[in-house]
Each structure stands twice: as C-alpha cells, then as structure tokens.
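Chemist: First the structure, which I've put down as structure tokens, then a few questions once you've had a look.
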Amino acid sequence: MPTSDNMSHSSQSSITSFFNWKSPSESVVGSTNSNINNPGNSGTLNTETETSAESAASANMPRSAASTSTSSRPTTDGNSISWSGTVRDESNSSDTSDMTAKRKKQKLAVKFKPEWGENRPWLLYTETEGMFCTFCRKHNKTPFGRAIWDTKPCVRFRRESIKEHERAAEHRDSVRLETIANSTKNIAAEMSKPVEISCDGMVQAFKCLYFLAKNNIAHTTNFPELLELERLLGVDILEKISRGQTAKYTTTTAIKELECISELIEVDILENIRKSDSDFSIMFDETTDVSVIEQFVIHARYIDEKGNVQSRFLKILDALASDKTQTNEASAPGIITLNADAICGKVTESLEGNGLDYAKLRGIGTDGASVMTGKRNGAVKKIIERQSSQQMDENNPEKLINRAVGAHCAAHKLNLAAKQSGNDFPTIQKFKRVLASLYAFYARSAVSDRGRSVVQDLLSETLKESGKIPSPAETRWLAIGECAVKLKNVYTSILVSLEREAEERADTTAAGLVKLMTKFEFVATLFLLCEVLPTVNRLSTVFQQSKVDFADVKVALSATLSSLLAKQNTDLTTSVAELMERCNAQGISIRCKDLTQAISHFNSRVQEPFVAQLVANIQARFIDTDIMAAFAYVFDTSSYTNQNRELLAQHMKVLCDQFAIPTDQAMCEISDFTFYVTTGSGDDNSPGVGGKEVITTLVSSGLYSSLFPSLSKLARIYTVLPPHTADCERDFSRLKLIKTNIRNRMGERTLECLLRISVEGPPMKEFDFGRAVRIWANKKQRRYRVQLL
C-alpha cells in the first residue's frame, strides 16, 4: 500500500505535468471569444464551450492526468489542490482575469468601422442612433421577430452582429425582393432607350417569313436558315434586327409573333365584307387532316365595291373541340360527334367572333351531306332558325325577317348524278374495275412501269401531261373520264407491255388484264366514256370556278344537257375500227366477229340507255327550289310581258318574303324596270338589257342601283348565293401541303395563319409589309422599339 506522502507526491507530479501541458482555463479563454451569447453575459462561458475546452485539454494531457481530469475538477484549499469540478490553476488566476477583462473591452468598447459597409448596400449607419438595414425597413421584414435593424437600431458594433443579420431568413427575403424591384427598373430603363431596331430590317425579315408561308415551307425551322443564307448573299438581316444575346427574333415564340401577317390579311377580308353592303354568304365543309383531327373550314362569298364576286377564306376550326361542341343527345353520354348542333355552334362562333351581322347572311353552301341539309335537324336548318330568332322583335311582330337559303354544291350533285348512272350498267362497272386493276399493276412495280414507258417510246404513244395512267378515284367518279381519255391514247403500248410481262415473267395478272382489255365490250365502253364524260367534266369545271353564280350554272347546265342528248346516237364504228387496226399491227387482236352488228348491239343495250339515264339523273338533281325558280323567272326578260305580270308578281313576293324586302316597293320597281329592259332608257346610246345582262347591270351599275334599289338588292343576293363548295375543297388541298407527317403537331392557331397566308396572301410585291411591321410593333410593349415609317 502506498503511503499518503507517496500519494501526495504522485498527485503533485500529475498536477505539475498537467499544468505544464496545457491549462484548461487557458484553453477555454483562447477559444471562447466567438461563443459569447450577448453583452450581458460577457464573462461567462456556456456549458458547450466548457465541455469542448475540457475535451481539448484531455486530448493533450498525459494518460494519468487525462483519466483524473475526467472524474474531478481541481480546487484549492490553502496550498493543497483537490479534484472537484473544473481544474483551475491559482497561479495563473490573475492572467485569466486580465484576459476576461480584455474580452469585455473588445465586445463593448468599439465603434462603427466604415469598411463594414463595403458590398453591403443595405447597411445604414447614423452616429446618433446606430446601424439599420434599409432593405428590411423597405420591405417590412423583422429578423428573429425583433425590431432591431428594422425600426430600432443595432448598437452592437461588431462585424459578427452584421454577419448574424445577413444570415437571417427575413433579411435574405428582403434582398431578393429588392433584386426583383431593381430588375424591373432596369427593364423599364431599357424600354425607355432610344430606337435600336431598324424598320427596314424587320420588313426584310417579314418578307422572308412571308415567302416561307406562301410556299408552304416549314417556317419555324427554315426561317433562321433563310436569314443565314441572306447573310451569305450579302444582306445581313439578322444583324439589323438582333440586339444582344436575347433579342434575335429567331426563336419559335418570336417567329409565331411574326404571324401577324395573317392578322393583317384577315382584317382586310373582314373589312371588305362589311363594305360590300353587308350581303354575304358562307360555304363550309369538313375533312380529316394527317393528325386525325376533324378540320372545319368556312369561306365567305360577297360582292366587292367594284361589283365583282369574291370568295375568301374565313376560318378553320377543330370541329370536335370540346369547348363549344355539343354532344349528340341520341348518342351515348360523353360521345362527341360532329352533329348539326356542333356545326351550327361553329358557324355562329365564327360569324359573331369576326363581327359579321347574322341578319345579313343570305346563303349557306354545303356538300349536301345529310347532317348538313337534313330537313328536320340539318345544320342549315338550325343556322336559319338561329338567324330568325335573333331578328324577331316582340314589340314589332310584323317586322320583316331575312332568312338565308341553303344550297347544295353543284359540282357534288353532278358527280353523284354521273356515278349513279354508271352504277346501273354492269358493263361500265366492269370497265371501272379493270381500270383500277390496271393502275394498281403499274403503280406497285417500278420494273413493269419502266417497261411500259419503253414500249410507249417505241410506239410513239406518250401522254403530254404524264406517261402514267392517273388513279380512278373512288370519291370522284368523273375522274374515270380523264383516265379513259389517257388510256385511249396509249392503249396499244399498254397491251404490248402487258403481253411481254405475261410471257417473260409469267405474270398471271398481266395475262388476265390482256384478256379483259381485248374484249369488244371494253373497247366500246372506252370510246363511249371518252365521248360522254369529257363533256360532263367540262361542266364540272365550270361549276367549280370561284366567281360562277347560279345564273351561269343554269346556262351551262342547259347547254350541256343538249350536248349529251346528241351523243346518244354517236357512231363509234370508225373509232373502234381504227384502234383494232393499230392493235393488229402489233399482233394483238380485239375479239369481235362482226363489228357493225356489235356496235349496233352496244348502242341499243348500253350507249343510248346510259346517256339517257345520265341526263335524267342530272335533271333530277338540278330541279330548282321555289327560291331559285323565282330568281330565274324574275330576271328572265321573256317574262316581262303583260300576260305574265301576275305570275311575275307571285315570284317577286316569294323573294321579298324570303329576304325581308318590302313587296310593294319591289313591285313598283319591276313595273318601271320592264320599260328599261324592253325599250331602253330612251337614249340612243343606252340600249335595253336582257338575260344575264340584267343581273350584271343591276349589280354593277350605280345608275340602276339608285333607280331600282330593291331589284338591285335581289340581284346582288342572287349573285352572292354559293353554287358550290369548291373553294373549301381547294383549302383541303393546301391543308395537306402545310400540315404534313413531319409537321403533324402543328397547333390550330398556327395552321389557321399559315393556311390564310397560303390561300389569300397576295403576291409579295403587292403586300404591305410596312403595315404588318407596325401591327407587330404595337402588339405589346417591347424591349427594343422599332422605328416606324
């Protein structure tokens, strides 16, 4: 057992080693300067600080001393030292007191230093008060929930106090708000800068964009490339319109803004319609685009200030869009269909959205589908009902109400009449199937088509337009007439080519086609259709002209029917005999025993009945309605006689009731107008007018419009009624060129703008690009303004 002296000596040695190594109090004093909580506790260390100081001292002392210090703290009693609590060195107590006093002095006895304000725009110092945060005061922020730095000054003039405030979440929020405010001021300052973009540069950029849209070229991807091409050619448009790295006007969003070209065209169209005495008609039709979206196209037809008929594109809409479209009550709930209610809603939305007066709508042209022309629930009927309801006045029940007239497309009716006529004759149906097989045979094989081309060159049988037989479209039965004419011109070379395919390649399809095409019935049918269908095709072409009216339709239809009736007994013997001789020269024989007898039999069994059926079908589909019959009678000069006066009055009343024109005034005018038509105005230089000239004169002549306002109004209505919807069909052809498989995600607004430019855009040299730039510049407040001319 060790003695007490030895233990005392051992303890003193351990203590000596401990203080020679490092004093805990010194360790604490050296590391607590940054851990003072506040000025009121300037001389006291917190528990965490003391613990960390003891751990640091224990890590640096010998093992025996470390183990001792972890269980007790040294205290003094006279000259002895015992371990209880924190180890203290009494010999250094004066040094510790001096350092604590120095620390207090550092904390409290300081003043504001100007360098603290560097890179701190928020720091405000006043000698009489203290430090403030201008950002927190401006944005009403109170860090740590205290008023210090905001309404009360901070008087702890220490860098640590400033850093502590900077770390506060409220202060960081005020800095963010101030940054946003300064950014807004900077943008406003940039906006107020002088003009930096030349109008000439923007005009050139608009011309490039217009060129792409007018030629159906992808504009968003090719516009930057076109500007680069212009730069390589010496015209740096991009340099004229670009400012910095952000204002180059070549992004997709910026390019879409340039589509105000379409808005300018639309404004001009609507303005012209409103100036046209407000009488207009509409035509609409629907189709499915490459994205399987039902597109609904609307055209307007009106008479311009010069008296010329104009048909202009108005709108293209998603027919099945859910915002306006109504569901069919007869269908299952939630099923969206293109029914009459939906079509009526689309038309109403378009007319009212463009500021067109529903009461001035005179005609509605459709393709004749049942959903369009149904007598009970058709779209035309619902549009007319809505038009009438908007004009009714409860206070004036006798008010005249204008009602539009529905019209079935004449080109569609003609095509249906010809198609139904062919369906009644098996010989013609068989000819149609052979023609379709012949087209498919050459369309599927490049080798076979090349062989046909070689044979045509050898026999000098070539087509002016194309060496190929066109497709006999199912939806256009009249296209068979075009195919028949071209087949007749290359008939011999086609047979030679098919025989070579059958012999050299053992092609059974080719052999079968040769067998069918060398029959007399096929050859006779070929010449019959080549004789009849081109006449019908020419009539269809007349019907599809944009400026044709119902008066023109009536005249052309009458002449065509007379021509068709004359073809019932056309002798096909000579034409068939010449073709048989050409085939015999190539070693091909047409199977026919007696040509004269065969022609006679074909004429009585096919030719005469087919032509008669075609004429009858056309007449049945072109029966005039009461309105059209009244128009025809009123403007027929042969009816202006005393014997027909009563019948003329009846037709005049029908028109006046339909289009809200006072009947008494119109009847008075027609009596006076009869004198001008039959005898002239009494001036030798002003002969009387008649027939089609009556309508033209009433529409275009200012004198006659003033003398006979009611008759002039009826003449304008008759002229503006749409006899076809061919303009909508032409829009669909443009639609396929614009919205392709590559551009199938094109939006409806972009599609409408591009289609309007493609269809209605004038030539580049006639378009007012300066006006388009002004519309674009004033559309919104821009960072860089354009100097407007």
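Please note that chains go A, B, ... in the order of the structure tokens, that every chain numbers its residues from 1, and that ligands are numbered from 1 in the order shown.
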Per residue of region 629-714 of chain A within 10 Å of region 541-555 of chain A, which atom pair is closest and at what distance in Å (one decimal), using only C-alpha atoms, listed by chain and increasing number, as JSON lines?
Modeler:
{"residue": "A:Phe631", "atom": "CA", "partner": "A:Ala551", "partner_atom": "CA", "distance": 9.0}
{"residue": "A:Ala632", "atom": "CA", "partner": "A:Ala551", "partner_atom": "CA", "distance": 7.6}
{"residue": "A:Phe635", "atom": "CA", "partner": "A:Ala551", "partner_atom": "CA", "distance": 9.3}
{"residue": "A:Gly691", "atom": "CA", "partner": "A:Ala551", "partner_atom": "CA", "distance": 9.3}
{"residue": "A:Lys692", "atom": "CA", "partner": "A:Ala551", "partner_atom": "CA", "distance": 7.0}
{"residue": "A:Ile695", "atom": "CA", "partner": "A:Ala551", "partner_atom": "CA", "distance": 8.7}
Chemist: Quick one: residues within 10 Å of Cys136 (chain A), only C-alpha atoms, excluding same-chain residues fewer than 2 positions away - as number ranges by chain?
Modeler: A: 122, 132-134, 138-143, 149-151, 170-175, 177-178
Chemist: Just to be explicit: take each residue in the selection above, keep N, CA, C and O atoms, and write the result as a PDB file, in the first residue's frame.
Modeler:
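Written file, part_12.pdb:
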ATOM      1  N   TRP A 122     -27.282  47.603 -48.150  1.00  0.00           N
ATOM      2  CA  TRP A 122     -28.408  47.697 -47.226  1.00  0.00           C
ATOM      3  C   TRP A 122     -28.031  48.322 -45.889  1.00  0.00           C
ATOM      4  O   TRP A 122     -28.909  48.747 -45.122  1.00  0.00           O
ATOM      5  N   PHE A 132     -28.805  50.339 -39.160  1.00  0.00           N
ATOM      6  CA  PHE A 132     -30.110  49.921 -39.679  1.00  0.00           C
ATOM      7  C   PHE A 132     -29.920  49.118 -40.969  1.00  0.00           C
ATOM      8  O   PHE A 132     -28.916  49.264 -41.674  1.00  0.00           O
ATOM      9  N   CYS A 133     -30.940  48.289 -41.294  1.00  0.00           N
ATOM     10  CA  CYS A 133     -30.989  47.583 -42.583  1.00  0.00           C
ATOM     11  C   CYS A 133     -32.067  48.243 -43.438  1.00  0.00           C
ATOM     12  O   CYS A 133     -33.262  48.125 -43.143  1.00  0.00           O
ATOM     13  N   THR A 134     -31.660  48.949 -44.482  1.00  0.00           N
ATOM     14  CA  THR A 134     -32.626  49.673 -45.313  1.00  0.00           C
ATOM     15  C   THR A 134     -33.547  48.718 -46.070  1.00  0.00           C
ATOM     16  O   THR A 134     -34.708  49.043 -46.327  1.00  0.00           O
ATOM     17  N   LYS A 138     -37.553  48.729 -45.811  1.00  0.00           N
ATOM     18  CA  LYS A 138     -38.359  48.988 -47.016  1.00  0.00           C
ATOM     19  C   LYS A 138     -39.417  47.921 -47.231  1.00  0.00           C
ATOM     20  O   LYS A 138     -40.545  48.223 -47.620  1.00  0.00           O
ATOM     21  N   HIS A 139     -39.058  46.655 -46.968  1.00  0.00           N
ATOM     22  CA  HIS A 139     -39.971  45.550 -47.248  1.00  0.00           C
ATOM     23  C   HIS A 139     -40.628  44.997 -45.990  1.00  0.00           C
ATOM     24  O   HIS A 139     -41.187  43.898 -46.019  1.00  0.00           O
ATOM     25  N   ASN A 140     -40.530  45.730 -44.884  1.00  0.00           N
ATOM     26  CA  ASN A 140     -41.223  45.371 -43.636  1.00  0.00           C
ATOM     27  C   ASN A 140     -40.843  43.976 -43.143  1.00  0.00           C
ATOM     28  O   ASN A 140     -41.708  43.134 -42.853  1.00  0.00           O
ATOM     29  N   LYS A 141     -39.570  43.722 -43.021  1.00  0.00           N
ATOM     30  CA  LYS A 141     -39.082  42.437 -42.538  1.00  0.00           C
ATOM     31  C   LYS A 141     -38.487  42.635 -41.140  1.00  0.00           C
ATOM     32  O   LYS A 141     -37.775  43.619 -40.885  1.00  0.00           O
ATOM     33  N   THR A 142     -38.767  41.670 -40.230  1.00  0.00           N
ATOM     34  CA  THR A 142     -38.263  41.738 -38.856  1.00  0.00           C
ATOM     35  C   THR A 142     -37.504  40.459 -38.548  1.00  0.00           C
ATOM     36  O   THR A 142     -38.114  39.447 -38.163  1.00  0.00           O
ATOM     37  N   PRO A 143     -36.192  40.448 -38.723  1.00  0.00           N
ATOM     38  CA  PRO A 143     -35.411  39.237 -38.454  1.00  0.00           C
ATOM     39  C   PRO A 143     -35.551  38.799 -37.006  1.00  0.00           C
ATOM     40  O   PRO A 143     -35.508  39.628 -36.090  1.00  0.00           O
ATOM     41  N   TRP A 149     -32.649  46.386 -36.167  1.00  0.00           N
ATOM     42  CA  TRP A 149     -32.270  46.521 -37.577  1.00  0.00           C
ATOM     43  C   TRP A 149     -33.409  47.075 -38.431  1.00  0.00           C
ATOM     44  O   TRP A 149     -33.162  47.581 -39.525  1.00  0.00           O
ATOM     45  N   ASP A 150     -34.633  46.992 -37.927  1.00  0.00           N
ATOM     46  CA  ASP A 150     -35.758  47.498 -38.719  1.00  0.00           C
ATOM     47  C   ASP A 150     -36.181  48.863 -38.194  1.00  0.00           C
ATOM     48  O   ASP A 150     -35.841  49.880 -38.791  1.00  0.00           O
ATOM     49  N   THR A 151     -36.933  48.898 -37.106  1.00  0.00           N
ATOM     50  CA  THR A 151     -37.359  50.179 -36.529  1.00  0.00           C
ATOM     51  C   THR A 151     -36.435  50.642 -35.416  1.00  0.00           C
ATOM     52  O   THR A 151     -36.386  51.831 -35.100  1.00  0.00           O
ATOM     53  N   GLU A 170     -35.283  36.373 -42.959  1.00  0.00           N
ATOM     54  CA  GLU A 170     -36.049  37.562 -43.318  1.00  0.00           C
ATOM     55  C   GLU A 170     -35.208  38.550 -44.107  1.00  0.00           C
ATOM     56  O   GLU A 170     -35.703  39.175 -45.062  1.00  0.00           O
ATOM     57  N   HIS A 171     -33.929  38.680 -43.713  1.00  0.00           N
ATOM     58  CA  HIS A 171     -33.058  39.601 -44.446  1.00  0.00           C
ATOM     59  C   HIS A 171     -32.817  39.090 -45.880  1.00  0.00           C
ATOM     60  O   HIS A 171     -32.836  39.868 -46.840  1.00  0.00           O
ATOM     61  N   ARG A 172     -32.587  37.788 -46.018  1.00  0.00           N
ATOM     62  CA  ARG A 172     -32.379  37.235 -47.365  1.00  0.00           C
ATOM     63  C   ARG A 172     -33.619  37.443 -48.246  1.00  0.00           C
ATOM     64  O   ARG A 172     -33.508  37.705 -49.443  1.00  0.00           O
ATOM     65  N   ASP A 173     -34.792  37.355 -47.636  1.00  0.00           N
ATOM     66  CA  ASP A 173     -36.027  37.582 -48.394  1.00  0.00           C
ATOM     67  C   ASP A 173     -36.123  39.029 -48.848  1.00  0.00           C
ATOM     68  O   ASP A 173     -36.541  39.320 -49.967  1.00  0.00           O
ATOM     69  N   SER A 174     -35.731  39.960 -47.998  1.00  0.00           N
ATOM     70  CA  SER A 174     -35.772  41.377 -48.378  1.00  0.00           C
ATOM     71  C   SER A 174     -34.766  41.675 -49.493  1.00  0.00           C
ATOM     72  O   SER A 174     -35.037  42.492 -50.377  1.00  0.00           O
ATOM     73  N   VAL A 175     -33.601  41.002 -49.452  1.00  0.00           N
ATOM     74  CA  VAL A 175     -32.618  41.179 -50.526  1.00  0.00           C
ATOM     75  C   VAL A 175     -33.184  40.670 -51.853  1.00  0.00           C
ATOM     76  O   VAL A 175     -33.009  41.296 -52.905  1.00  0.00           O
ATOM     77  N   LEU A 177     -36.381  40.502 -52.741  1.00  0.00           N
ATOM     78  CA  LEU A 177     -37.393  41.447 -53.207  1.00  0.00           C
ATOM     79  C   LEU A 177     -36.766  42.697 -53.802  1.00  0.00           C
ATOM     80  O   LEU A 177     -37.250  43.238 -54.807  1.00  0.00           O
ATOM     81  N   GLU A 178     -35.692  43.145 -53.211  1.00  0.00           N
ATOM     82  CA  GLU A 178     -35.023  44.338 -53.727  1.00  0.00           C
ATOM     83  C   GLU A 178     -34.384  44.059 -55.089  1.00  0.00           C
ATOM     84  O   GLU A 178     -34.396  44.912 -55.981  1.00  0.00           O
TER      85      GLU A 178
END
Chemist: Neighbours of Asn222 (chain A) within 12 Å (only C-alpha atoms; same-chain residues fewer than 2 positions away dropped), as a ChimeraX atom specification?
Modeler: /A:208-213,216-220,224-229,250-252,255
Chemist: Show me, as a PyMOL selection string, the residues that have an atom within 8 Å of region 344-351 of chain A when counting only C-alpha atoms, minus same-chain residues fewer than 3 positions from it.
Modeler: chain A and resi 298+315+317+319+324-325+340-341+354-358+379-380+382-383
Chemist: Give me a file of those residues, with N, CA and C atoms, as a PDB file, in the first residue's frame.
Modeler:
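The resulting file, again-v4.pdb, is reproduced below:
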ATOM      1  N   ILE A 298     -64.465  27.368 -93.208  1.00  0.00           N
ATOM      2  CA  ILE A 298     -65.549  28.289 -93.550  1.00  0.00           C
ATOM      3  C   ILE A 298     -65.031  29.321 -94.540  1.00  0.00           C
ATOM      4  N   LYS A 315     -62.102  30.980 -91.825  1.00  0.00           N
ATOM      5  CA  LYS A 315     -61.694  30.320 -90.583  1.00  0.00           C
ATOM      6  C   LYS A 315     -61.512  28.836 -90.818  1.00  0.00           C
ATOM      7  N   LEU A 317     -61.377  25.494 -88.082  1.00  0.00           N
ATOM      8  CA  LEU A 317     -61.592  25.161 -86.677  1.00  0.00           C
ATOM      9  C   LEU A 317     -61.490  23.663 -86.476  1.00  0.00           C
ATOM     10  N   ALA A 319     -63.236  20.772 -85.514  1.00  0.00           N
ATOM     11  CA  ALA A 319     -64.687  20.538 -85.484  1.00  0.00           C
ATOM     12  C   ALA A 319     -65.142  19.833 -84.219  1.00  0.00           C
ATOM     13  N   LYS A 324     -66.806  24.261 -77.432  1.00  0.00           N
ATOM     14  CA  LYS A 324     -68.085  24.729 -77.961  1.00  0.00           C
ATOM     15  C   LYS A 324     -68.957  23.592 -78.473  1.00  0.00           C
ATOM     16  N   THR A 325     -68.347  22.490 -78.826  1.00  0.00           N
ATOM     17  CA  THR A 325     -69.101  21.404 -79.451  1.00  0.00           C
ATOM     18  C   THR A 325     -70.066  20.773 -78.464  1.00  0.00           C
ATOM     19  N   ALA A 340     -75.426  18.371 -86.167  1.00  0.00           N
ATOM     20  CA  ALA A 340     -75.913  19.664 -86.654  1.00  0.00           C
ATOM     21  C   ALA A 340     -75.747  20.763 -85.614  1.00  0.00           C
ATOM     22  N   ASP A 341     -75.971  20.443 -84.339  1.00  0.00           N
ATOM     23  CA  ASP A 341     -75.799  21.445 -83.287  1.00  0.00           C
ATOM     24  C   ASP A 341     -74.354  21.931 -83.219  1.00  0.00           C
ATOM     25  N   ASN A 354     -66.069  37.339 -85.657  1.00  0.00           N
ATOM     26  CA  ASN A 354     -65.499  38.236 -86.666  1.00  0.00           C
ATOM     27  C   ASN A 354     -66.329  39.494 -86.866  1.00  0.00           C
ATOM     28  N   GLY A 355     -67.368  39.661 -86.078  1.00  0.00           N
ATOM     29  CA  GLY A 355     -68.157  40.881 -86.157  1.00  0.00           C
ATOM     30  C   GLY A 355     -69.045  40.972 -87.383  1.00  0.00           C
ATOM     31  N   LEU A 356     -69.466  39.834 -87.950  1.00  0.00           N
ATOM     32  CA  LEU A 356     -70.348  39.828 -89.116  1.00  0.00           C
ATOM     33  C   LEU A 356     -71.793  39.729 -88.654  1.00  0.00           C
ATOM     34  N   ASP A 357     -72.663  40.486 -89.308  1.00  0.00           N
ATOM     35  CA  ASP A 357     -74.070  40.551 -88.919  1.00  0.00           C
ATOM     36  C   ASP A 357     -74.792  39.297 -89.393  1.00  0.00           C
ATOM     37  N   TYR A 358     -75.320  38.537 -88.440  1.00  0.00           N
ATOM     38  CA  TYR A 358     -76.038  37.301 -88.755  1.00  0.00           C
ATOM     39  C   TYR A 358     -77.259  37.601 -89.645  1.00  0.00           C
ATOM     40  N   ALA A 379     -77.892  21.001 -90.255  1.00  0.00           N
ATOM     41  CA  ALA A 379     -77.158  22.177 -89.786  1.00  0.00           C
ATOM     42  C   ALA A 379     -77.676  23.454 -90.442  1.00  0.00           C
ATOM     43  N   VAL A 380     -78.010  23.394 -91.728  1.00  0.00           N
ATOM     44  CA  VAL A 380     -78.521  24.585 -92.417  1.00  0.00           C
ATOM     45  C   VAL A 380     -79.822  25.046 -91.774  1.00  0.00           C
ATOM     46  N   LYS A 382     -80.844  24.608 -88.703  1.00  0.00           N
ATOM     47  CA  LYS A 382     -80.597  25.169 -87.373  1.00  0.00           C
ATOM     48  C   LYS A 382     -79.957  26.558 -87.469  1.00  0.00           C
ATOM     49  N   ILE A 383     -79.098  26.758 -88.454  1.00  0.00           N
ATOM     50  CA  ILE A 383     -78.495  28.088 -88.629  1.00  0.00           C
ATOM     51  C   ILE A 383     -79.561  29.107 -89.010  1.00  0.00           C
TER      52      ILE A 383
END
Chemist: Restricting the calculation to only C-alpha atoms, which member of A:Pro426, A:Pro763, A:Gly770, A:Gly451 is positioned closest to Thr525 (chain A)?
Modeler: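 The closest residue to Thr525 (chain A) is A:Pro426.
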Chemist: Can you work out the spacing between CA of Ser370 (chain A) and CA of Pro722 (chain A) in Å, to one decimal?
Modeler: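 Atom-to-atom, CA of Ser370 (chain A) to CA of Pro722 (chain A), that is 18.3 Å.
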Chemist: Kindly indicate which residue among A:Phe206, A:Phe675, A:Phe112, A:Phe313 lies nearest to Thr725 (chain A), using only C-alpha atoms for the distances.
Modeler: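 Once distances to Thr725 (chain A) are computed over only C-alpha atoms, the minimum belongs to A:Phe313.
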Chemist: Just the residues within 12 Å of Arg582 (chain A), please, counting only C-alpha atoms, with nothing from its chain fewer than 5 positions along; format it as a ChimeraX atom specification.
Modeler: /A:459,461,488-493,495-496,575-577,587-590
Chemist: Would you pick out the contacts of region 568-573 of chain A at 8 Å or less, using only C-alpha atoms, so that residues sharing its chain but fewer than 5 positions from it are not included, and give the list as a list of chain:residue names?
Modeler: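 That gives A:Ala524, A:Phe527, A:Leu528, A:Leu595, A:Thr596, A:Ile599, A:Asn603, A:Gln607, A:Glu608, A:Val611, A:Ala612.
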Chemist: When you look at Gln420 (chain A) with a cut-off of 9 Å (counting only C-alpha atoms), what residues show up, excluding the ones that are within fewer than 5 positions of it in the same chain? I need them as a PDB file with N, CA, C and O atoms, in the first residue's frame.
Modeler:
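Saved file result.pdb follows:
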ATOM      1  N   ASN A 415     -71.408  15.115-109.838  1.00  0.00           N
ATOM      2  CA  ASN A 415     -70.628  13.897-109.648  1.00  0.00           C
ATOM      3  C   ASN A 415     -71.519  12.734-109.200  1.00  0.00           C
ATOM      4  O   ASN A 415     -71.378  11.599-109.659  1.00  0.00           O
ATOM      5  N   GLN A 613     -80.002   7.875-119.093  1.00  0.00           N
ATOM      6  CA  GLN A 613     -80.020   7.815-117.634  1.00  0.00           C
ATOM      7  C   GLN A 613     -79.193   8.936-117.026  1.00  0.00           C
ATOM      8  O   GLN A 613     -79.575   9.539-116.012  1.00  0.00           O
ATOM      9  N   LEU A 614     -78.049   9.251-117.628  1.00  0.00           N
ATOM     10  CA  LEU A 614     -77.196  10.326-117.138  1.00  0.00           C
ATOM     11  C   LEU A 614     -77.921  11.663-117.207  1.00  0.00           C
ATOM     12  O   LEU A 614     -77.898  12.455-116.238  1.00  0.00           O
ATOM     13  N   ASN A 617     -80.709  11.751-114.547  1.00  0.00           N
ATOM     14  CA  ASN A 617     -80.178  11.937-113.189  1.00  0.00           C
ATOM     15  C   ASN A 617     -79.747  13.372-112.946  1.00  0.00           C
ATOM     16  O   ASN A 617     -79.960  13.935-111.857  1.00  0.00           O
TER      17      ASN A 617
END
Chemist: If I take CA of Val532 (chain A) and CA of Ala484 (chain A), how far is one from the other in Å, to one decimal?
Modeler: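 Distance between the two atoms: 10.7 Å.
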Chemist: May I have all residues of region 499-748 of chain A that DSSP, computed from the backbone, assigns to alpha helix (DSSP H), given as a PyMOL selection string?
Modeler: chain A and resi 499-504+508-517+520-543+550-566+573-585+595-602+608-621+626-634+645-659+663-679+692-700+702-707+709-720+726-738+748
Chemist: Out of A:Asn339, A:Ser733, A:Thr535, A:Thr719, which residue has the shortest atom-to-atom distance to Phe280 (chain A) when counting only C-alpha atoms?
Modeler: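 Checking each of A:Asn339, A:Ser733, A:Thr535, A:Thr719 against Phe280 (chain A), counting only C-alpha atoms, the winner is A:Thr719.
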Chemist: Could you tell me which of A:Asp304, A:Val309, A:Asp236, A:Tyr633 comes closest to Gln204 (chain A) if we count only C-alpha atoms?
Modeler: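 Residue with the minimum atom-to-atom distance to Gln204 (chain A): A:Asp236.
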